[in-house]
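Student: Just coords_39.txt, nothing more (compact mmCIF, C-alpha atoms and all ligand atoms):
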# COMPACT_ATOMS: atom_id res chain seq x y z
CA MET A 1 -37.68 -13.26 0.74
CA LYS A 2 -36.78 -15.64 3.56
CA ARG A 3 -33.27 -15.00 4.90
CA ALA A 4 -31.49 -17.18 7.41
CA TYR A 5 -29.27 -15.82 10.14
CA ASN A 6 -26.21 -17.37 8.62
CA PHE A 7 -23.28 -17.73 11.04
CA SER A 8 -20.91 -19.13 8.42
CA PRO A 9 -17.23 -18.15 8.80
CA GLY A 10 -16.96 -17.57 5.05
CA PRO A 11 -18.25 -17.32 2.48
CA ALA A 12 -20.48 -15.48 4.88
CA MET A 13 -23.70 -13.56 5.13
CA LEU A 14 -24.03 -10.38 3.06
CA PRO A 15 -26.12 -7.42 4.25
CA GLY A 16 -29.81 -7.80 3.31
CA PRO A 17 -29.92 -4.46 1.45
CA VAL A 18 -26.92 -5.55 -0.65
CA ILE A 19 -28.71 -8.76 -1.65
CA GLU A 20 -31.69 -6.59 -2.64
CA ARG A 21 -29.48 -4.33 -4.77
CA LEU A 22 -27.97 -7.37 -6.47
CA ARG A 23 -31.46 -8.65 -7.28
CA GLU A 24 -32.58 -5.31 -8.63
CA GLU A 25 -29.49 -4.74 -10.74
CA VAL A 26 -28.77 -8.23 -11.95
CA GLY A 27 -30.48 -7.95 -15.34
CA ASP A 28 -29.89 -4.30 -16.04
CA TRP A 29 -27.19 -2.27 -14.34
CA HIS A 30 -28.21 1.43 -14.33
CA GLY A 31 -30.04 1.21 -17.68
CA SER A 32 -27.07 -0.31 -19.48
CA GLY A 33 -29.04 -3.42 -20.41
CA MET A 34 -26.26 -5.55 -18.91
CA ALA A 35 -25.56 -7.15 -15.57
CA ALA A 36 -22.33 -5.97 -13.99
CA MET A 37 -20.96 -9.48 -14.38
CA GLU A 38 -21.56 -9.36 -18.15
CA MET A 39 -19.51 -6.21 -18.72
CA GLY A 40 -16.05 -6.15 -20.20
CA HIS A 41 -13.66 -5.29 -17.42
CA ARG A 42 -12.20 -2.39 -19.41
CA SER A 43 -15.59 -0.98 -20.41
CA GLU A 44 -16.60 2.50 -19.33
CA GLU A 45 -19.37 1.06 -17.13
CA PHE A 46 -17.18 -1.41 -15.29
CA THR A 47 -14.38 1.13 -14.91
CA SER A 48 -16.81 3.39 -13.06
CA ILE A 49 -17.86 0.49 -10.80
CA ALA A 50 -14.25 -0.44 -10.09
CA GLU A 51 -13.10 3.10 -9.39
CA LYS A 52 -16.02 3.84 -7.08
CA ALA A 53 -15.40 0.66 -5.09
CA GLU A 54 -11.78 1.62 -4.57
CA ALA A 55 -12.65 5.21 -3.65
CA ASP A 56 -15.24 4.04 -1.11
CA LEU A 57 -12.83 1.55 0.44
CA ARG A 58 -10.17 4.26 0.68
CA ASP A 59 -12.70 6.49 2.34
CA LEU A 60 -13.89 3.84 4.82
CA LEU A 61 -10.38 2.97 5.98
CA SER A 62 -8.80 6.42 5.39
CA ILE A 63 -6.18 4.83 3.16
CA PRO A 64 -3.44 7.38 2.39
CA ASP A 65 -2.36 8.09 -1.20
CA SER A 66 0.98 6.52 -0.37
CA TYR A 67 -0.69 3.10 -0.33
CA LYS A 68 -1.93 1.11 -3.32
CA VAL A 69 -5.15 -0.87 -3.15
CA LEU A 70 -4.99 -4.04 -5.24
CA PHE A 71 -7.97 -6.18 -6.22
CA MET A 72 -6.40 -9.61 -6.57
CA GLN A 73 -7.38 -13.28 -6.78
CA GLY A 74 -6.20 -16.48 -5.15
CA GLY A 75 -7.57 -15.73 -1.69
CA ALA A 76 -5.54 -15.05 1.41
CA THR A 77 -3.78 -18.33 0.68
CA ALA A 78 -2.17 -16.85 -2.44
CA GLN A 79 -0.97 -13.97 -0.25
CA PHE A 80 0.78 -16.44 2.06
CA ALA A 81 3.12 -16.91 -0.94
CA ALA A 82 2.85 -13.46 -2.54
CA VAL A 83 4.01 -11.65 0.60
CA PRO A 84 7.42 -13.35 0.87
CA MET A 85 7.79 -13.41 -2.92
CA ASN A 86 7.36 -9.64 -3.09
CA LEU A 87 9.09 -8.66 0.11
CA CYS A 88 12.14 -10.86 0.47
CA THR A 89 14.73 -12.96 -1.21
CA PRO A 90 15.07 -16.65 -0.30
CA ASP A 91 18.00 -15.69 1.95
CA ASP A 92 16.12 -13.05 3.92
CA THR A 93 14.52 -13.81 7.25
CA ALA A 94 10.92 -12.94 8.00
CA ASP A 95 9.25 -13.12 11.41
CA TYR A 96 5.93 -14.92 11.87
CA LEU A 97 3.70 -14.81 14.92
CA VAL A 98 1.70 -18.02 15.05
CA THR A 99 -1.55 -17.76 16.98
CA GLY A 100 -3.73 -20.36 15.30
CA TYR A 101 -4.66 -22.31 12.22
CA TRP A 102 -4.23 -19.59 9.59
CA SER A 103 -0.97 -18.12 10.84
CA ARG A 104 0.34 -21.70 10.98
CA MET A 105 -0.59 -22.08 7.30
CA ALA A 106 1.04 -18.74 6.51
CA VAL A 107 4.41 -19.62 8.07
CA LYS A 108 4.42 -23.02 6.38
CA GLU A 109 3.89 -21.43 2.98
CA GLY A 110 6.27 -18.56 3.79
CA ALA A 111 9.05 -21.06 4.54
CA ARG A 112 8.98 -22.11 0.88
CA PHE A 113 10.11 -18.62 -0.16
CA CYS A 114 12.21 -17.20 2.68
CA ARG A 115 13.78 -18.08 6.02
CA ALA A 116 10.62 -18.05 8.09
CA ASN A 117 11.23 -17.52 11.79
CA THR A 118 8.39 -18.40 14.14
CA VAL A 119 8.64 -15.83 16.91
CA LEU A 120 6.03 -17.61 19.02
CA ASP A 121 3.59 -20.46 18.50
CA THR A 122 0.59 -20.59 20.80
CA ALA A 123 -0.03 -24.30 20.12
CA ASP A 124 1.34 -24.91 23.66
CA ASN A 125 -1.72 -23.29 25.21
CA GLY A 126 -4.16 -24.66 22.63
CA ASP A 127 -4.30 -21.23 20.94
CA THR A 128 -6.32 -19.75 23.79
CA SER A 129 -4.07 -16.80 24.63
CA ILE A 130 -1.08 -14.93 23.21
CA PRO A 131 1.93 -14.54 25.54
CA GLY A 132 3.49 -11.04 25.57
CA ALA A 133 6.29 -9.75 23.40
CA ASP A 134 8.91 -10.53 26.09
CA ARG A 135 8.43 -14.18 25.05
CA TRP A 136 8.80 -13.57 21.32
CA ARG A 137 12.01 -14.59 19.55
CA LEU A 138 12.35 -11.76 17.05
CA SER A 139 15.12 -11.98 14.48
CA GLU A 140 17.73 -9.28 14.02
CA GLN A 141 16.77 -7.91 10.63
CA ALA A 142 13.45 -9.32 9.60
CA ALA A 143 12.24 -8.35 6.12
CA PHE A 144 8.74 -8.19 7.59
CA PHE A 145 6.68 -9.34 10.57
CA HIS A 146 3.60 -11.39 9.62
CA TYR A 147 0.58 -12.09 11.80
CA VAL A 148 -3.13 -12.80 11.61
CA ASP A 149 -4.92 -10.24 13.75
CA ASN A 150 -8.06 -12.36 14.07
CA GLU A 151 -7.82 -16.16 13.93
CA THR A 152 -11.13 -17.17 12.36
CA ILE A 153 -11.08 -20.75 13.60
CA GLY A 154 -9.83 -20.41 17.17
CA GLY A 155 -11.65 -17.13 17.74
CA VAL A 156 -8.47 -15.47 19.03
CA ARG A 157 -7.35 -11.95 18.30
CA LEU A 158 -4.25 -9.92 19.00
CA PRO A 159 -5.59 -6.89 20.88
CA THR A 160 -2.64 -4.58 20.22
CA LEU A 161 -0.14 -4.00 17.44
CA PRO A 162 3.00 -6.15 17.56
CA VAL A 163 6.09 -4.24 18.60
CA THR A 164 8.87 -4.77 16.08
CA GLU A 165 11.17 -2.76 13.82
CA ALA A 166 10.10 -4.76 10.77
CA PRO A 167 7.23 -3.67 8.51
CA LEU A 168 3.98 -5.25 9.68
CA VAL A 169 2.17 -7.58 7.29
CA VAL A 170 -1.26 -8.54 8.51
CA ASP A 171 -3.85 -11.04 7.33
CA MET A 172 -7.11 -9.24 8.13
CA SER A 173 -9.35 -11.70 6.28
CA SER A 174 -11.83 -12.00 9.14
CA SER A 175 -11.57 -8.55 10.70
CA ILE A 176 -11.13 -5.97 7.94
CA LEU A 177 -13.73 -3.18 8.08
CA SER A 178 -14.98 -4.38 11.46
CA GLU A 179 -13.25 -1.51 13.30
CA PRO A 180 -11.16 1.55 12.46
CA ILE A 181 -7.45 0.98 11.82
CA ASP A 182 -4.53 3.25 11.07
CA VAL A 183 -3.33 1.97 7.71
CA GLU A 184 0.04 3.67 8.23
CA ASP A 185 0.82 1.20 11.01
CA TYR A 186 1.18 -1.48 8.34
CA GLY A 187 3.34 -2.30 5.34
CA VAL A 188 0.81 -4.71 3.85
CA ILE A 189 -2.78 -5.51 4.79
CA TYR A 190 -4.53 -8.31 2.95
CA ALA A 191 -7.90 -9.97 3.20
CA GLY A 192 -9.95 -12.50 1.30
CA ALA A 193 -13.29 -10.88 0.52
CA GLN A 194 -15.65 -13.65 1.50
CA LYS A 195 -16.12 -12.72 5.17
CA ASN A 196 -16.48 -9.00 5.67
CA ILE A 197 -16.23 -7.63 2.14
CA GLY A 198 -18.35 -9.56 -0.34
CA PRO A 199 -18.42 -12.74 -2.41
CA ALA A 200 -15.43 -15.07 -2.67
CA GLY A 201 -12.98 -14.67 -5.52
CA LEU A 202 -11.59 -11.28 -4.60
CA THR A 203 -8.63 -10.54 -2.34
CA ILE A 204 -7.90 -7.00 -1.21
CA VAL A 205 -4.25 -6.04 -0.74
CA ILE A 206 -3.32 -2.64 0.67
CA VAL A 207 0.38 -2.09 0.22
CA SER A 208 2.63 0.79 1.13
CA ASP A 209 4.48 2.41 -1.82
CA GLU A 210 7.68 1.93 0.17
CA LEU A 211 7.34 -1.84 -0.15
CA LEU A 212 6.16 -1.97 -3.75
CA ASP A 213 9.63 -2.14 -5.19
CA ARG A 214 11.20 -4.57 -2.81
CA LYS A 215 12.57 -6.97 -5.37
CA GLY A 216 11.91 -10.19 -3.54
CA ASN A 217 12.08 -13.43 -5.43
CA ASP A 218 11.67 -11.59 -8.70
CA LYS A 219 15.46 -11.45 -8.80
CA LYS A 220 15.27 -15.07 -9.81
CA GLY A 221 12.35 -14.44 -12.12
CA ALA A 222 10.29 -16.60 -9.82
CA ILE A 223 7.34 -14.37 -9.13
CA PRO A 224 4.17 -14.87 -11.20
CA SER A 225 2.96 -11.60 -12.73
CA VAL A 226 -0.49 -11.83 -11.14
CA LEU A 227 1.10 -12.04 -7.69
CA ASP A 228 3.53 -9.19 -8.33
CA TYR A 229 2.39 -6.14 -6.38
CA ARG A 230 4.24 -3.64 -8.60
CA ARG A 231 2.87 -5.12 -11.82
CA MET A 232 -0.64 -5.35 -10.44
CA ALA A 233 -0.46 -1.77 -9.17
CA ASP A 234 0.79 -0.45 -12.51
CA ALA A 235 -2.04 -2.29 -14.27
CA GLY A 236 -4.74 -0.98 -11.95
CA SER A 237 -5.33 -4.59 -10.83
CA MET A 238 -6.25 -5.43 -14.43
CA LEU A 239 -3.18 -7.25 -15.62
CA ASN A 240 -5.67 -9.94 -16.56
CA THR A 241 -9.44 -10.29 -16.13
CA PRO A 242 -10.28 -9.43 -12.52
CA PRO A 243 -13.14 -11.08 -10.56
CA THR A 244 -15.63 -8.52 -11.82
CA PHE A 245 -18.75 -9.77 -10.04
CA SER A 246 -17.00 -9.90 -6.66
CA TRP A 247 -15.47 -6.46 -7.22
CA TYR A 248 -18.88 -4.99 -8.06
CA ALA A 249 -20.60 -6.70 -5.10
CA ALA A 250 -17.82 -5.55 -2.76
CA GLY A 251 -18.54 -2.03 -3.99
CA LEU A 252 -22.16 -2.42 -2.93
CA VAL A 253 -21.03 -3.56 0.51
CA PHE A 254 -18.76 -0.50 0.79
CA GLU A 255 -21.70 1.75 -0.10
CA TRP A 256 -23.82 0.00 2.52
CA LEU A 257 -21.08 0.43 5.13
CA LYS A 258 -20.86 4.14 4.41
CA ALA A 259 -24.64 4.44 4.74
CA GLN A 260 -24.37 2.72 8.14
CA GLY A 261 -22.02 5.44 9.32
CA GLY A 262 -18.70 3.75 8.50
CA VAL A 263 -16.38 1.46 10.42
CA GLU A 264 -16.58 3.32 13.72
CA LYS A 265 -20.30 2.69 13.87
CA MET A 266 -19.78 -0.92 12.83
CA ALA A 267 -17.15 -1.36 15.55
CA ALA A 268 -19.57 -0.26 18.28
CA ARG A 269 -22.29 -2.53 16.91
CA ASN A 270 -19.87 -5.45 16.57
CA ARG A 271 -18.62 -5.00 20.14
CA ALA A 272 -22.18 -4.99 21.45
CA LYS A 273 -23.10 -8.13 19.48
CA ALA A 274 -20.01 -9.99 20.70
CA ASP A 275 -20.53 -8.88 24.32
CA ARG A 276 -24.09 -10.19 24.25
CA LEU A 277 -22.99 -13.58 23.00
CA TYR A 278 -20.00 -13.91 25.35
CA ARG A 279 -22.24 -12.94 28.28
CA ALA A 280 -24.69 -15.70 27.36
CA ILE A 281 -21.82 -18.19 27.23
CA ASP A 282 -20.10 -17.02 30.44
CA ASP A 283 -23.33 -16.81 32.45
CA SER A 284 -24.06 -20.47 31.79
CA ASP A 285 -22.47 -23.74 32.93
CA PHE A 286 -23.81 -25.38 29.82
CA TYR A 287 -21.73 -23.39 27.27
CA ALA A 288 -18.04 -22.53 27.38
CA ASN A 289 -15.52 -20.54 25.38
CA PRO A 290 -11.88 -21.49 26.05
CA VAL A 291 -10.19 -18.23 25.00
CA ALA A 292 -8.70 -15.89 27.62
CA THR A 293 -10.95 -12.81 27.81
CA LYS A 294 -8.35 -10.35 26.57
CA TYR A 295 -7.78 -12.30 23.36
CA ARG A 296 -11.35 -13.12 22.45
CA SER A 297 -12.40 -12.41 18.90
CA VAL A 298 -15.20 -9.96 18.20
CA MET A 299 -15.96 -11.66 14.88
CA ASN A 300 -15.76 -15.42 15.43
CA ILE A 301 -17.00 -16.91 18.67
CA PRO A 302 -16.46 -20.62 19.25
CA PHE A 303 -18.40 -22.30 22.06
CA MET A 304 -18.66 -25.83 23.36
CA LEU A 305 -21.66 -27.57 24.83
CA ALA A 306 -21.07 -29.28 28.19
CA ASP A 307 -22.06 -32.58 26.55
CA GLU A 308 -20.78 -32.94 23.01
CA ASN A 309 -23.35 -35.67 22.39
CA LEU A 310 -25.86 -32.83 22.16
CA ASP A 311 -23.99 -31.05 19.35
CA ALA A 312 -26.00 -32.63 16.53
CA LEU A 313 -29.33 -31.87 18.21
CA PHE A 314 -28.25 -28.28 18.85
CA LEU A 315 -27.34 -27.77 15.19
CA GLU A 316 -30.53 -29.42 13.97
CA GLN A 317 -32.83 -27.35 16.17
CA ALA A 318 -30.90 -24.14 15.46
CA ALA A 319 -31.25 -24.72 11.71
CA GLU A 320 -35.01 -25.26 12.12
CA ARG A 321 -35.14 -21.70 13.44
CA GLY A 322 -33.12 -20.30 10.59
CA LEU A 323 -29.87 -20.13 12.60
CA THR A 324 -27.49 -21.81 10.19
CA SER A 325 -23.83 -22.80 9.77
CA LEU A 326 -23.01 -22.91 13.48
CA LYS A 327 -20.86 -26.04 13.38
CA GLY A 328 -17.36 -25.39 14.72
CA HIS A 329 -14.24 -26.10 12.69
CA ARG A 330 -13.17 -29.74 12.82
CA THR A 331 -9.93 -28.84 14.63
CA VAL A 332 -11.81 -27.13 17.47
CA GLY A 333 -15.17 -28.91 17.59
CA GLY A 334 -18.33 -27.58 19.19
CA MET A 335 -19.97 -24.52 17.68
CA ARG A 336 -18.78 -21.27 16.18
CA ALA A 337 -20.82 -18.17 15.54
CA SER A 338 -19.27 -15.84 13.00
CA ILE A 339 -20.83 -12.45 13.45
CA TYR A 340 -19.34 -10.15 10.83
CA ASN A 341 -20.69 -6.71 9.93
CA ALA A 342 -23.61 -8.16 7.97
CA MET A 343 -25.00 -10.14 10.92
CA PRO A 344 -27.83 -8.02 12.31
CA ASP A 345 -28.34 -7.52 16.05
CA GLU A 346 -31.53 -9.57 15.74
CA GLY A 347 -29.51 -12.57 14.54
CA VAL A 348 -27.41 -12.55 17.70
CA ASP A 349 -30.53 -12.01 19.84
CA ALA A 350 -32.19 -15.00 18.17
CA LEU A 351 -29.12 -17.15 18.78
CA VAL A 352 -28.87 -16.13 22.45
CA GLU A 353 -32.56 -16.85 22.95
CA PHE A 354 -32.26 -20.25 21.32
CA MET A 355 -29.19 -21.11 23.43
CA GLY A 356 -31.15 -20.32 26.60
CA GLU A 357 -34.07 -22.47 25.54
CA PHE A 358 -31.84 -25.33 24.48
CA GLU A 359 -30.04 -25.25 27.82
CA ARG A 360 -33.32 -25.29 29.75
CA ALA A 361 -34.55 -28.26 27.73
CA ASN A 362 -31.31 -30.27 27.83
CA GLY A 363 -29.16 -28.93 30.67
C1 LIG B 401 -7.67 -15.45 8.73
C2 LIG B 401 -7.73 -16.25 7.47
N1 LIG B 401 -6.66 -16.31 6.67
C3 LIG B 401 -6.66 -17.03 5.54
C4 LIG B 401 -7.77 -17.75 5.14
C5 LIG B 401 -7.74 -18.52 3.86
O1 LIG B 401 -8.41 -17.74 2.95
P1 LIG B 401 -8.69 -18.13 1.44
O2 LIG B 401 -9.64 -19.29 1.47
O3 LIG B 401 -9.29 -16.87 0.91
O4 LIG B 401 -7.40 -18.46 0.80
C6 LIG B 401 -8.92 -17.71 5.92
C7 LIG B 401 -10.11 -18.45 5.49
O5 LIG B 401 -11.04 -18.72 6.18
C8 LIG B 401 -8.89 -16.95 7.13
O6 LIG B 401 -9.97 -16.90 7.93
With the file now loaded, output its structure as structure tokens.

Tutor:
Amino acid sequence: MKRAYNFSPGPAMLPGPVIERLREEVGDWHGSGMAAMEMGHRSEEFTSIAEKAEADLRDLLSIPDSYKVLFMQGGATAQFAAVPMNLCTPDDTADYLVTGYWSRMAVKEGARFCRANTVLDTADNGDTSIPGADRWRLSEQAAFFHYVDNETIGGVRLPTLPVTEAPLVVDMSSSILSEPIDVEDYGVIYAGAQKNIGPAGLTIVIVSDELLDRKGNDKKGAIPSVLDYRRMADAGSMLNTPPTFSWYAAGLVFEWLKAQGGVEKMAARNRAKADRLYRAIDDSDFYANPVATKYRSVMNIPFMLADENLDALFLEQAAERGLTSLKGHRTVGGMRASIYNAMPDEGVDALVEFMGEFERANG
């Protein structure tokens, strides 16, 4: 089977062994005569798949019993609304740290459901660094503090936890499972699956029991059942038909991660991959990354060519070598290499080698 080194930001590359498992099991899951995606979601077989996936995820992230794990739909975008709906009334204030494209989307959506206070917006510096907390305008009694720990488009990450009294709500769509975290630091963690978890269609929400019964907009009957954390938790995420294929495939990724030695091992590998790519960029006058070193993402690495007229040729020649989906987001331009857990070391090596050759031929 020919597999590209796919640098897509999401939906993104899955681990090769997971693709193999999917191929093996697609017609007949464990002798059941059915594919996982053909099973009723309340069947004994699918229940075992669903429960194992949750148990493995809990294990990987050491999720305490005092947190619920929800398998939801609607992507991270639905959570931009679900978070304020569940956690505050329209009259409550919530703090938002805005460090790039996705946190900007989150605060815009949040403002439809609560008083959304932007504590800082890094647009002033082109989203290339995150000024310290002494510059943040925190509100007095925020219902929660929302941020995106890794901005997928700008390739910017917040290296430390925000300091605030309010419960932390974090969009970890492009960083979850890439490094160990302490779940108890957070009130809510959410992530769309399609980057570091599995296929699109599934959204993981990890929510502290303490926040489950915040009434939020439900007081006005305004919260849809499928976005209601308490209702979803009570129904084991099966208030309605869940995204069964994505749930099953995510479970295979969790098994693969455990076989790799868990998130600590992945973190070391991810750091090494990112260092190699940043070194290649920084050692050259031909490539550049605009983000201040301290805030550089380990998962998504944008880089510009000295002459943007060469962008198309770069992408064409990279694709010929099986290095795909390197085009940067339209708001940033240039290139972007997304190197989640599933990107093997060899993929980054191949990219770095190609970048060197391309520079020699065109620099
Ligand atoms: C950090 C982050 N948040 C939110 C989103 C939006 O996610 P979704 O398409 O799952 O709604 C993305 C998508 O790329 C993202 O990277």

Student: Which is closer to Leu61 (chain A) than all the others in A:Asp182, A:Asp307, A:Glu20, A:Glu359, using only C-alpha atoms?

Tutor: A:Asp182

Student: Tell me which of A:Ala143, A:Leu212, A:Met299, A:Met238 sits closest to ligand LIG 401 (chain B), counting all atoms listed in the file.

Tutor: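 Nearest to ligand LIG 401 (chain B): A:Met299.
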
Student: Can you check which parts of chain A lie within 10 Å of ligand LIG 401 (chain B)? Per residue, the shortest pair of atoms and distance in Å to one decimal, counting all atoms listed in the file, sorted by chain and number, as a Markdown table.

Tutor:
| residue | atom | partner | partner_atom | distance |
| --- | --- | --- | --- | --- |
| A:Pro9 | CA | B:LIG401 | O5 | 6.7 |
| A:Gly10 | CA | B:LIG401 | O5 | 6.1 |
| A:Pro11 | CA | B:LIG401 | O5 | 8.2 |
| A:Gln73 | CA | B:LIG401 | O3 | 8.7 |
| A:Gly74 | CA | B:LIG401 | O4 | 6.4 |
| A:Gly75 | CA | B:LIG401 | O3 | 3.3 |
| A:Ala76 | CA | B:LIG401 | O4 | 3.9 |
| A:Thr77 | CA | B:LIG401 | O4 | 3.6 |
| A:Ala78 | CA | B:LIG401 | O4 | 6.4 |
| A:Gln79 | CA | B:LIG401 | O4 | 7.9 |
| A:Phe80 | CA | B:LIG401 | C3 | 8.2 |
| A:Gly100 | CA | B:LIG401 | C1 | 9.1 |
| A:Tyr101 | CA | B:LIG401 | C1 | 8.3 |
| A:Trp102 | CA | B:LIG401 | N1 | 5.0 |
| A:Ser103 | CA | B:LIG401 | N1 | 7.3 |
| A:Arg104 | CA | B:LIG401 | N1 | 9.8 |
| A:Met105 | CA | B:LIG401 | C3 | 8.1 |
| A:Ala106 | CA | B:LIG401 | C3 | 7.9 |
| A:Tyr147 | CA | B:LIG401 | C1 | 9.4 |
| A:Val148 | CA | B:LIG401 | C1 | 6.0 |
| A:Asp149 | CA | B:LIG401 | C1 | 7.7 |
| A:Asn150 | CA | B:LIG401 | C1 | 6.2 |
| A:Glu151 | CA | B:LIG401 | C1 | 5.3 |
| A:Thr152 | CA | B:LIG401 | O6 | 4.6 |
| A:Ile153 | CA | B:LIG401 | O6 | 6.9 |
| A:Gly154 | CA | B:LIG401 | O6 | 9.9 |
| A:Gly155 | CA | B:LIG401 | O6 | 10.0 |
| A:Val170 | CA | B:LIG401 | C1 | 9.4 |
| A:Asp171 | CA | B:LIG401 | C1 | 6.0 |
| A:Met172 | CA | B:LIG401 | C1 | 6.3 |
| A:Ser173 | CA | B:LIG401 | C1 | 4.8 |
| A:Ser174 | CA | B:LIG401 | O6 | 5.4 |
| A:Ser175 | CA | B:LIG401 | C1 | 8.2 |
| A:Tyr190 | CA | B:LIG401 | N1 | 9.1 |
| A:Ala191 | CA | B:LIG401 | N1 | 7.3 |
| A:Gly192 | CA | B:LIG401 | O3 | 4.4 |
| A:Ala193 | CA | B:LIG401 | O3 | 7.2 |
| A:Gln194 | CA | B:LIG401 | O3 | 7.2 |
| A:Lys195 | CA | B:LIG401 | O5 | 7.9 |
| A:Ala200 | CA | B:LIG401 | O3 | 7.3 |
| A:Gly201 | CA | B:LIG401 | O3 | 7.7 |
| A:Leu202 | CA | B:LIG401 | O3 | 8.2 |
| A:Thr203 | CA | B:LIG401 | O3 | 7.1 |
| A:Asn300 | CA | B:LIG401 | O6 | 9.6 |

Student: With a distance cut-off of 10 Å and only C-alpha atoms, select the neighbouring residues of Pro15 (chain A), excluding the residue or stretch itself and same-chain residues fewer than 4 positions from it, and output the selection as a ChimeraX atom specification.

Tutor: /A:19-20,196,198,252-253,256-257,340-344

Student: Find the residues near Gly334 (chain A): any atom within 8 Å, counting only C-alpha atoms, skip ones fewer than 5 places away on the same chain, and give them as a PyMOL selection string.

Tutor: chain A and resi 302-305+308+311+327-329

Student: Out of A:Ile223, A:Ala268, A:Met37, A:Ala4, which residue has the shortest atom-to-atom distance to Ala81 (chain A) when counting only C-alpha atoms?

Tutor: A:Ile223

Student: Just the residues within 9 Å of Ser129 (chain A), please, counting all atoms listed in the file, with nothing from its chain fewer than 6 positions along; format it as a PDB file with C-alpha atoms, in the coordinates of the input.

Tutor:
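The new file around31.pdb reads:
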ATOM      1  CA  THR A  99      -1.550 -17.760  16.980  1.00  0.00           C
ATOM      2  CA  THR A 122       0.590 -20.590  20.800  1.00  0.00           C
ATOM      3  CA  VAL A 156      -8.470 -15.470  19.030  1.00  0.00           C
ATOM      4  CA  ARG A 157      -7.350 -11.950  18.300  1.00  0.00           C
ATOM      5  CA  LEU A 158      -4.250  -9.920  19.000  1.00  0.00           C
ATOM      6  CA  VAL A 291     -10.190 -18.230  25.000  1.00  0.00           C
ATOM      7  CA  ALA A 292      -8.700 -15.890  27.620  1.00  0.00           C
ATOM      8  CA  THR A 293     -10.950 -12.810  27.810  1.00  0.00           C
ATOM      9  CA  LYS A 294      -8.350 -10.350  26.570  1.00  0.00           C
ATOM     10  CA  TYR A 295      -7.780 -12.300  23.360  1.00  0.00           C
ATOM     11  CA  ARG A 296     -11.350 -13.120  22.450  1.00  0.00           C
TER      12      ARG A 296
END

Student: Ranking A:Leu313, A:Met72, A:Leu326, A:Ala123 by minimum distance to Phe358 (chain A) and counting all atoms listed in the file, which one comes first?

Tutor: A:Leu313

Student: Just checking: using only C-alpha atoms, which residue out of A:Leu351, A:Val263, A:Ile176, A:Ala166 ends up closest to Leu323 (chain A)?

Tutor: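 Checking each candidate against Leu323 (chain A), we get A:Leu351 as the closest.
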
Student: Could you tell me which of A:Leu70, A:Val348, A:Gly110, A:Ile281 comes closest to Asp234 (chain A) if we count all atoms listed in the file?

Tutor: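 Selected residue with least distance to Asp234 (chain A): A:Leu70.
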
Student: Would you mind listing what lies within 7 Å of Tyr5 (chain A) as a ChimeraX atom specification, with all atoms listed in the file counted and same-chain residues fewer than 3 positions away left out?

Tutor: /A:322-324,347

Student: Write out as a list in words which residues come within 12 Å of Gly40 (chain A) when counting all atoms listed in the file, dropping same-chain ones fewer than 3 positions away.

Tutor: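 Close residues of Gly40 (chain A): Met34, Ala35, Ala36, Met37, Ser43, Glu44, Glu45, Phe46, Thr47, Ser48, Ile49, Ala50, Met238, Asn240, Thr241, Pro242, Pro243, Thr244 and Phe245 of chain A.
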
Student: Please indicate the distance in Å from CA of Val183 (chain A) to CA of Val69 (chain A), rounded to one decimal place.

Tutor: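 So the two atoms, CA of Val183 (chain A) and CA of Val69 (chain A), lie 11.4 Å apart.
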
Student: What gap, in Å, lies between CA of Ser237 (chain A) and CA of Phe144 (chain A)?

Tutor: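 Answer for the CA of Ser237 (chain A) to CA of Phe144 (chain A) separation: 23.5 Å.
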
Student: Would you work out the distance separating CA of Lys258 (chain A) from CA of Asp59 (chain A), expressed in Å to one decimal?

Tutor: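 Taking CA of Lys258 (chain A) as the start and CA of Asp59 (chain A) as the end point, the length is 8.7 Å.
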
Student: Anything within 7 Å of (-4.2, -1.6, -2.7): list those residues as a VMD selection string, counting only C-alpha atoms and sticking to the file's coordinates.

Tutor: chain A and resid 67 to 71 204 to 207

Student: Working from the structure I just supplied, which lacks atoms in region 297-301 of chain A, can you model N, CA, C and O atoms there and output them as a PDB file, in the coordinates of the input?

Tutor:
ATOM      1  N   SER A 297     -12.021 -13.036  20.167  1.00  0.00           N
ATOM      2  CA  SER A 297     -12.400 -12.410  18.900  1.00  0.00           C
ATOM      3  C   SER A 297     -13.759 -11.732  19.007  1.00  0.00           C
ATOM      4  O   SER A 297     -14.644 -12.203  19.723  1.00  0.00           O
ATOM      5  N   VAL A 298     -13.904 -10.645  18.275  1.00  0.00           N
ATOM      6  CA  VAL A 298     -15.200  -9.960  18.200  1.00  0.00           C
ATOM      7  C   VAL A 298     -16.002 -10.513  17.005  1.00  0.00           C
ATOM      8  O   VAL A 298     -17.203 -10.346  16.926  1.00  0.00           O
ATOM      9  N   MET A 299     -15.322 -11.200  16.120  1.00  0.00           N
ATOM     10  CA  MET A 299     -15.960 -11.660  14.880  1.00  0.00           C
ATOM     11  C   MET A 299     -16.364 -13.130  14.875  1.00  0.00           C
ATOM     12  O   MET A 299     -17.362 -13.500  14.289  1.00  0.00           O
ATOM     13  N   ASN A 300     -15.522 -13.972  15.482  1.00  0.00           N
ATOM     14  CA  ASN A 300     -15.760 -15.420  15.430  1.00  0.00           C
ATOM     15  C   ASN A 300     -15.748 -15.964  16.851  1.00  0.00           C
ATOM     16  O   ASN A 300     -14.731 -15.877  17.535  1.00  0.00           O
ATOM     17  N   ILE A 301     -16.875 -16.503  17.274  1.00  0.00           N
ATOM     18  CA  ILE A 301     -17.000 -16.910  18.670  1.00  0.00           C
ATOM     19  C   ILE A 301     -17.279 -18.416  18.768  1.00  0.00           C
ATOM     20  O   ILE A 301     -18.402 -18.858  18.539  1.00  0.00           O
TER      21      ILE A 301
END
